[in-house]
Amino acid sequence: MPTYKITLEYEGTRYSGWQAQKNVKTVQGTLSSVAEKIFGKDTFDLQGAGRTDSGVHAAMQVASLVTATAMPVDVLKLKFNDNLPHDINILKVEKANDRFHARHSAKKRTYLYHISTRRTAFGKSYVWWIKDNLDSRNMRTAAKELVGLHDFVSFGDTKIGGDAKSTKVMVYSSEIVDTGTMILFRITASHFLWKMVRRLTGVLVEVGRGNIKPEDIKELLNTNNNYPAQFTAPPSGLFLEYVQYDDNEMLPEIKPIFKV
C-alpha cells in the first residue's frame, strides 16, 4: 500500500491536541476527516510524530499516511489544503518507503517555548507573558541539567497521552536563549511525556524568578513527586518545532517562531 510522509504546521488554539478523540476537535481527527473525503472511509491509516497537548502549536509536525490508492504528491497536497481549515496547513507531501511510520521512525523531537518579557497586544495565543524580571543566566544553567537520560516522571502526567509508556527520556539538548523581548526554551529529546515541556518551562521560570535554585533541578529529576505540576506553563507558548529522522540531521538556528 502506498505510504506518504506529510509535513504540516498548525495553530493549536482551537484543538484539543493532536490525537483523535471522540466528541472533541483534534488535528489528527480533522486530517482524517479530509483523508476520508479523498480516499473513502476505512481506506487509510494516518499517524503523527508527536501527540501535542491541547492548545499547543506545531511549526513542523510529521504524519505518515498509508492508503489503498496511490496519488501524485502534488495532487494530494492540493486536495488536503483545499479541504483543511485555515489553521492547519500541509507544507510538503513525499512518497515514503513501506516501513516509514511518523512516530516509530522518528529519532528526535524538538519543542520550542516562547516566554515574552513584555506585554503584547498580538501574541496572547503564541507566548507566555511573564511580568517579573527573569534571570535568564540562572535559567540557562538549570536547563543544562536536563541533558542526558533521566526519569521525568515528576514532570509528566502519565495518565493520558505522551509519546511512550516509559518515563525515562533521553534529552539531547536543552537551552535557553534571551532575545531581549523573548526568552526561548528549546529542548530536543527521544520522546516527551504529556505536559512534560510545559512543566519544565514552569520550573525554569521559577528559577528565573529566584524561587528555585538552578542546582535544585537535579533533585527533581529521577524522583516521583507532584511539585513541578503546580508550575505547569500554559500551552499557548509551546511549539513542536522539529522532528528528526536522521541522527546526523542538524537543527536550524534557534529563533522565535512568533516575534513580539
# chains A, B, ... in the order shown; residues from 1 in each chain; ligands from 1
call {"tool": "residues_around", "arguments": {"residues": "segment 9-11 of chain A", "least_positions_apart": "3", "cutoff": "10 Å", "atoms": "only C-alpha atoms", "output": "PyMOL selection string"}}
result
chain A and resi 14-15+18+27+55-62+85-92+125-126+236+239-241
call {"tool": "residues_around", "arguments": {"residues": "segment 194-210 of chain A", "least_positions_apart": "2", "cutoff": "9 Å", "atoms": "only C-alpha atoms", "output": "number ranges by chain"}}
result
A: 51-53, 111-113, 115, 130, 132-140, 142-143, 152-163, 185, 187, 192, 212-214, 217, 228-235, 238
call {"tool": "residues_around", "arguments": {"residues": "His150 of chain A", "least_positions_apart": "3", "cutoff": "10 Å", "atoms": "only C-alpha atoms", "output": "PDB file with C-alpha atoms, in the first residue's frame"}}
result
ATOM      1  CA  LEU A 146      18.222  18.318  31.895  1.00  0.00           C
ATOM      2  CA  VAL A 147      20.624  16.894  29.305  1.00  0.00           C
ATOM      3  CA  VAL A 153       8.074  11.033  35.983  1.00  0.00           C
ATOM      4  CA  THR A 167       9.042   7.909  31.779  1.00  0.00           C
ATOM      5  CA  LYS A 168      12.790   7.670  31.136  1.00  0.00           C
ATOM      6  CA  VAL A 169      13.694  10.203  28.454  1.00  0.00           C
ATOM      7  CA  MET A 170      16.984  10.887  26.694  1.00  0.00           C
ATOM      8  CA  VAL A 171      17.427  14.653  26.374  1.00  0.00           C
ATOM      9  CA  LYS A 218      18.880  17.732  39.964  1.00  0.00           C
ATOM     10  CA  LEU A 221      14.967  14.509  38.281  1.00  0.00           C
ATOM     11  CA  ASN A 222      14.651  10.765  38.864  1.00  0.00           C
ATOM     12  CA  THR A 223      12.230  11.305  41.766  1.00  0.00           C
TER      13      THR A 223
END
call {"tool": "residues_around", "arguments": {"residues": "His114 of chain A", "least_positions_apart": "4", "cutoff": "7 Å", "atoms": "only C-alpha atoms", "output": "PyMOL selection string"}}
result
chain A and resi 127-128+182-185+237-238
call {"tool": "write_last_selection", "arguments": {"atoms": "N, CA and C atoms", "output": "PDB file, in the first residue's frame"}}
result
ATOM      1  N   VAL A 127       2.524  33.129  23.045  1.00  0.00           N
ATOM      2  CA  VAL A 127       3.581  33.355  24.038  1.00  0.00           C
ATOM      3  C   VAL A 127       2.988  33.275  25.441  1.00  0.00           C
ATOM      4  N   TRP A 128       3.873  33.184  26.418  1.00  0.00           N
ATOM      5  CA  TRP A 128       3.511  33.308  27.823  1.00  0.00           C
ATOM      6  C   TRP A 128       4.201  34.572  28.336  1.00  0.00           C
ATOM      7  N   MET A 182      12.118  38.284  24.221  1.00  0.00           N
ATOM      8  CA  MET A 182      11.663  36.910  24.335  1.00  0.00           C
ATOM      9  C   MET A 182      12.756  36.054  24.963  1.00  0.00           C
ATOM     10  N   ILE A 183      12.351  35.158  25.863  1.00  0.00           N
ATOM     11  CA  ILE A 183      13.243  34.117  26.353  1.00  0.00           C
ATOM     12  C   ILE A 183      12.748  32.807  25.764  1.00  0.00           C
ATOM     13  N   LEU A 184      13.620  32.142  25.019  1.00  0.00           N
ATOM     14  CA  LEU A 184      13.258  30.909  24.341  1.00  0.00           C
ATOM     15  C   LEU A 184      13.837  29.712  25.077  1.00  0.00           C
ATOM     16  N   PHE A 185      13.011  28.694  25.254  1.00  0.00           N
ATOM     17  CA  PHE A 185      13.462  27.423  25.821  1.00  0.00           C
ATOM     18  C   PHE A 185      13.284  26.362  24.757  1.00  0.00           C
ATOM     19  N   GLY A 237       2.422  29.174  24.550  1.00  0.00           N
ATOM     20  CA  GLY A 237       3.766  29.499  24.085  1.00  0.00           C
ATOM     21  C   GLY A 237       4.537  28.349  23.484  1.00  0.00           C
ATOM     22  N   LEU A 238       3.930  27.172  23.411  1.00  0.00           N
ATOM     23  CA  LEU A 238       4.664  25.960  23.039  1.00  0.00           C
ATOM     24  C   LEU A 238       4.431  25.553  21.582  1.00  0.00           C
TER      25      LEU A 238
END
call {"tool": "residues_around", "arguments": {"residues": "Ala49 of chain A", "least_positions_apart": "5", "cutoff": "12 Å", "atoms": "only C-alpha atoms", "output": "PyMOL selection string"}}
result
chain A and resi 5-8+18-19+28+58+60-65+100-110+162-164+190-192+240-245
call {"tool": "atom_distance", "arguments": {"atom1": "atom CA of Asn225 of chain A", "atom2": "atom CA of Gly148 of chain A"}}
result
20.0 Å
call {"tool": "atom_distance", "arguments": {"atom1": "atom CA of Asn83 of chain A", "atom2": "atom CA of Gly12 of chain A"}}
result
17.5 Å
